[in-house]
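Undergrad: One file is attached below, my_file_3.pdb, containing PDB, C-alpha atoms, pLDDT in the B column.
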```pdb
ATOM      1  CA  MET A   1       0.000   0.000   0.000  1.00 43.00           C
ATOM      2  CA  LYS A   2       1.326   3.444  -0.945  1.00 42.00           C
ATOM      3  CA  ASN A   3       1.556   6.122   1.651  1.00 46.00           C
ATOM      4  CA  ILE A   4       0.360   9.661   1.079  1.00 49.00           C
ATOM      5  CA  GLU A   5       3.883  11.095   0.874  1.00 54.00           C
ATOM      6  CA  ASP A   6       4.737   8.793  -2.064  1.00 50.00           C
ATOM      7  CA  THR A   7       1.526   9.795  -3.839  1.00 48.00           C
ATOM      8  CA  ASP A   8       2.248  13.498  -3.287  1.00 54.00           C
ATOM      9  CA  LYS A   9       5.753  13.080  -4.704  1.00 53.00           C
ATOM     10  CA  GLN A  10       4.374  11.323  -7.778  1.00 52.00           C
ATOM     11  CA  LEU A  11       1.837  14.099  -8.373  1.00 55.00           C
ATOM     12  CA  GLN A  12       4.533  16.753  -7.968  1.00 56.00           C
ATOM     13  CA  LEU A  13       6.701  14.970 -10.532  1.00 52.00           C
ATOM     14  CA  CYS A  14       3.697  14.718 -12.839  1.00 57.00           C
ATOM     15  CA  LEU A  15       3.238  18.484 -12.592  1.00 55.00           C
ATOM     16  CA  LEU A  16       6.877  19.167 -13.389  1.00 52.00           C
ATOM     17  CA  TYR A  17       7.348  16.708 -16.230  1.00 48.00           C
ATOM     18  CA  THR A  18       4.129  16.765 -18.201  1.00 55.00           C
ATOM     19  CA  PRO A  19       4.426  17.309 -21.963  1.00 51.00           C
ATOM     20  CA  ARG A  20       2.740  20.710 -21.681  1.00 52.00           C
ATOM     21  CA  ASN A  21       5.104  21.886 -18.945  1.00 48.00           C
ATOM     22  CA  LEU A  22       8.163  20.737 -20.878  1.00 48.00           C
ATOM     23  CA  THR A  23       7.122  22.726 -23.947  1.00 47.00           C
ATOM     24  CA  HIS A  24       5.276  25.703 -22.456  1.00 48.00           C
ATOM     25  CA  GLY A  25       6.503  25.857 -18.845  1.00 47.00           C
ATOM     26  CA  PRO A  26       4.197  25.303 -15.873  1.00 47.00           C
ATOM     27  CA  LEU A  27       0.736  26.612 -16.566  1.00 45.00           C
ATOM     28  CA  LYS A  28      -0.265  29.598 -14.518  1.00 44.00           C
ATOM     29  CA  LYS A  29      -4.020  29.540 -14.743  1.00 46.00           C
ATOM     30  CA  GLU A  30      -5.935  32.761 -14.738  1.00 47.00           C
ATOM     31  CA  VAL A  31      -9.567  32.953 -13.825  1.00 44.00           C
ATOM     32  CA  ASP A  32     -11.684  31.324 -16.547  1.00 51.00           C
ATOM     33  CA  GLN A  33      -8.674  29.572 -18.106  1.00 72.00           C
ATOM     34  CA  MET A  34      -8.928  25.904 -18.998  1.00 79.00           C
ATOM     35  CA  ALA A  35      -5.861  23.903 -19.967  1.00 87.00           C
ATOM     36  CA  PHE A  36      -7.826  21.252 -21.846  1.00 95.00           C
ATOM     37  CA  VAL A  37     -11.212  21.321 -23.535  1.00 96.00           C
ATOM     38  CA  ILE A  38     -13.356  18.368 -24.561  1.00 97.00           C
ATOM     39  CA  THR A  39     -14.843  18.929 -28.019  1.00 96.00           C
ATOM     40  CA  SER A  40     -17.482  17.521 -30.385  1.00 95.00           C
ATOM     41  CA  PRO A  41     -16.188  13.957 -30.900  1.00 95.00           C
ATOM     42  CA  CYS A  42     -17.139  13.298 -27.253  1.00 94.00           C
ATOM     43  CA  ILE A  43     -20.789  14.189 -27.777  1.00 93.00           C
ATOM     44  CA  GLU A  44     -22.901  11.071 -27.527  1.00 78.00           C
ATOM     45  CA  GLU A  45     -19.697   8.920 -27.542  1.00 87.00           C
ATOM     46  CA  LYS A  46     -18.705   9.440 -23.910  1.00 90.00           C
ATOM     47  CA  ALA A  47     -16.250   6.522 -23.859  1.00 92.00           C
ATOM     48  CA  GLY A  48     -15.008   7.536 -20.397  1.00 93.00           C
ATOM     49  CA  ASP A  49     -11.394   6.415 -20.806  1.00 94.00           C
ATOM     50  CA  CYS A  50     -10.341   9.913 -19.732  1.00 94.00           C
ATOM     51  CA  VAL A  51     -12.238   9.615 -16.449  1.00 95.00           C
ATOM     52  CA  GLU A  52     -10.508   6.355 -15.578  1.00 94.00           C
ATOM     53  CA  VAL A  53      -6.981   7.656 -16.213  1.00 95.00           C
ATOM     54  CA  CYS A  54      -7.266  11.083 -14.560  1.00 95.00           C
ATOM     55  CA  PRO A  55      -5.092  11.110 -11.419  1.00 95.00           C
ATOM     56  CA  VAL A  56      -7.115  13.873  -9.745  1.00 95.00           C
ATOM     57  CA  ASP A  57     -10.684  13.028 -10.837  1.00 95.00           C
ATOM     58  CA  CYS A  58     -11.226  16.354 -12.580  1.00 95.00           C
ATOM     59  CA  ILE A  59     -13.440  15.032 -15.388  1.00 96.00           C
ATOM     60  CA  GLU A  60     -17.177  15.141 -14.860  1.00 96.00           C
ATOM     61  CA  GLU A  61     -19.988  13.715 -16.935  1.00 95.00           C
ATOM     62  CA  GLY A  62     -22.473  16.157 -18.377  1.00 94.00           C
ATOM     63  CA  GLU A  63     -25.710  15.451 -20.221  1.00 92.00           C
ATOM     64  CA  ASP A  64     -24.104  14.868 -23.619  1.00 94.00           C
ATOM     65  CA  GLN A  65     -20.334  14.910 -22.988  1.00 95.00           C
ATOM     66  CA  PHE A  66     -17.585  15.022 -20.357  1.00 97.00           C
ATOM     67  CA  TYR A  67     -16.064  18.239 -18.987  1.00 96.00           C
ATOM     68  CA  ILE A  68     -12.690  18.982 -17.388  1.00 96.00           C
ATOM     69  CA  ASP A  69     -12.790  21.041 -14.186  1.00 94.00           C
ATOM     70  CA  PRO A  70     -10.060  23.691 -14.604  1.00 91.00           C
ATOM     71  CA  ASP A  71      -9.778  24.216 -10.854  1.00 90.00           C
ATOM     72  CA  VAL A  72      -8.902  20.560 -10.254  1.00 93.00           C
ATOM     73  CA  CYS A  73      -6.982  19.639 -13.435  1.00 93.00           C
ATOM     74  CA  ILE A  74      -3.203  19.393 -12.976  1.00 92.00           C
ATOM     75  CA  ASP A  75      -2.532  19.629 -16.726  1.00 91.00           C
ATOM     76  CA  CYS A  76      -0.877  16.205 -16.936  1.00 92.00           C
ATOM     77  CA  GLY A  77      -2.382  15.423 -20.353  1.00 92.00           C
ATOM     78  CA  ALA A  78      -3.155  11.790 -19.534  1.00 94.00           C
ATOM     79  CA  CYS A  79      -6.701  12.288 -20.811  1.00 95.00           C
ATOM     80  CA  ILE A  80      -5.491  13.370 -24.240  1.00 94.00           C
ATOM     81  CA  VAL A  81      -3.463  10.214 -24.696  1.00 93.00           C
ATOM     82  CA  VAL A  82      -6.294   7.789 -23.901  1.00 95.00           C
ATOM     83  CA  CYS A  83      -9.238   9.515 -25.594  1.00 95.00           C
ATOM     84  CA  PRO A  84     -10.317   7.078 -28.336  1.00 94.00           C
ATOM     85  CA  VAL A  85     -12.041   9.797 -30.371  1.00 95.00           C
ATOM     86  CA  GLU A  86      -9.381  12.521 -29.944  1.00 95.00           C
ATOM     87  CA  ALA A  87     -11.916  14.914 -28.451  1.00 96.00           C
ATOM     88  CA  ILE A  88      -9.575  16.580 -25.941  1.00 96.00           C
ATOM     89  CA  VAL A  89      -7.442  19.508 -27.064  1.00 95.00           C
ATOM     90  CA  GLU A  90      -5.275  22.087 -25.347  1.00 93.00           C
ATOM     91  CA  ASP A  91      -6.891  25.469 -24.982  1.00 90.00           C
ATOM     92  CA  THR A  92      -4.109  26.904 -27.155  1.00 91.00           C
ATOM     93  CA  GLU A  93      -5.131  24.588 -30.011  1.00 93.00           C
ATOM     94  CA  LEU A  94      -8.790  25.582 -30.219  1.00 94.00           C
ATOM     95  CA  THR A  95     -10.056  26.483 -33.666  1.00 95.00           C
ATOM     96  CA  PRO A  96     -13.069  28.612 -34.564  1.00 96.00           C
ATOM     97  CA  GLU A  97     -15.025  25.341 -34.864  1.00 95.00           C
ATOM     98  CA  THR A  98     -14.011  24.096 -31.393  1.00 95.00           C
ATOM     99  CA  GLU A  99     -14.063  27.441 -29.548  1.00 95.00           C
ATOM    100  CA  PRO A 100     -17.767  27.035 -28.610  1.00 96.00           C
ATOM    101  CA  PHE A 101     -16.799  23.994 -26.505  1.00 96.00           C
ATOM    102  CA  LEU A 102     -14.689  26.245 -24.286  1.00 94.00           C
ATOM    103  CA  GLU A 103     -17.738  28.418 -23.669  1.00 94.00           C
ATOM    104  CA  LYS A 104     -19.873  25.314 -23.093  1.00 95.00           C
ATOM    105  CA  ALA A 105     -17.391  24.079 -20.461  1.00 94.00           C
ATOM    106  CA  LYS A 106     -17.355  27.481 -18.765  1.00 92.00           C
ATOM    107  CA  GLU A 107     -21.151  27.387 -18.606  1.00 94.00           C
ATOM    108  CA  PHE A 108     -21.043  23.864 -17.158  1.00 94.00           C
ATOM    109  CA  TYR A 109     -18.770  25.062 -14.353  1.00 90.00           C
ATOM    110  CA  GLY A 110     -20.546  28.400 -13.957  1.00 87.00           C
ATOM    111  CA  THR A 111     -17.527  30.503 -14.902  1.00 76.00           C
ATOM    112  CA  SER A 112     -18.873  32.234 -17.995  1.00 62.00           C
TER     113      SER A 112
END
```
Let me see the structure of the file written as structure tokens.
TA:
Amino acid sequence: MKNIEDTDKQLQLCLLYTPRNLTHGPLKKEVDQMAFVITSPCIEEKAGDCVEVCPVDCIEEGEDQFYIDPDVCIDCGACIVVCPVEAIVEDTELTPETEPFLEKAKEFYGTS
């Protein structure tokens, strides 16, 4: 059985060595900022692989898709890797077609 100190150390390492942090530096979230956004391929699919792999349980199920809680997410990117429909994108990679999903997520969490 792991103790809490070992788990904390693993999470700290995850924060330091995630792909996003290696390329962009640690994310300093501002109010209303979301590191990752779940987009249209998730609608009605809701495979849930992302929920199972998330180390901090930041992904919640909505009526038609999953949402990532920006206040809980540690930006590890594990969800991106396992999503079978490639629905999860970084906020910096949103296109005009996927931008509405950022607003939808903000509405879900009451931050819009």
Undergrad: Nearest to A:Ala78: which of A:Gly48, A:Gly110, A:Pro41, A:Pro55 is it, counting only C-alpha atoms?
TA: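 Of the candidates, the smallest distance to A:Ala78 is held by A:Pro55.
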Undergrad: Neighbouring residues of A:Thr39 were defined as those with any atom within 8 Å, considering all atoms listed in the file; residues of the same chain fewer than 5 positions away were excluded. Please report them as a list of chain:residue names.
TA: A:Ala87, A:Ile88, A:Val89, A:Thr98, A:Phe101
Undergrad: What is the atom CA of A:Ile43-atom CA of A:Asp64 distance in Å, reported with one decimal?
TA: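 Distance reported for this atom pair: 5.4 Å.
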Undergrad: Once the PyMOL selection byres ((chain A and resi 91) around 9) has been evaluated on this model, what residues remain selected, and can you format them as a list of chain:residue names?
TA: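 On the file shown, the PyMOL selection byres ((chain A and resi 91) around 9) covers A:Gln33, A:Met34, A:Ala35, A:Phe36, A:Val37, A:Val89, A:Glu90, A:Thr92, A:Glu93, A:Leu94, A:Glu99, A:Leu102.
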Undergrad: State, in Å with one decimal place, the distance from atom CA of A:Thr111 to atom CA of A:Val56.
TA: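 Result for atom CA of A:Thr111 versus atom CA of A:Val56: 20.3 Å, one decimal.
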Undergrad: Would you write out, as a list in words, every residue that the PyMOL selection byres ((chain A and resi 62) around 10) captures in this file?
TA: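 Listing what the PyMOL selection byres ((chain A and resi 62) around 10) selects in the shown file: Ile43, Lys46, Ile59, Glu60, Glu61, Glu63, Asp64, Gln65, Phe66, Tyr67, Ala105 and Phe108 of chain A.
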Undergrad: Box for stretch 47-61 of chain A - axis-aligned, 4 Å on each of the six sides, all listed atoms - centre and size in Å to one decimal, as JSON.
TA:
```
{"center_x": -12.5, "center_y": 11.4, "center_z": -16.8, "size_x": 22.9, "size_y": 18.0, "size_z": 22.1}
```
Undergrad: My list of candidates is A:Val85, A:Cys58, A:Cys79, A:Ile74. Which is closest to A:Glu45 when distances are computed with all atoms listed in the file?
TA: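 When distances to A:Glu45 are compared using all atoms listed in the file, the smallest one comes from A:Val85.
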Undergrad: My list of candidates is A:Ile68, A:Cys76, A:Val82, A:Ile38. Which is closest to A:Glu52 when distances are computed with all atoms listed in the file?
TA: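 Nearest candidate to A:Glu52 out of A:Ile68, A:Cys76, A:Val82, A:Ile38: A:Val82.
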Undergrad: Quick check, in Å to one decimal: how far apart do atom CA of A:Cys83 and atom CA of A:Val53 lie?
TA: 9.8 Å
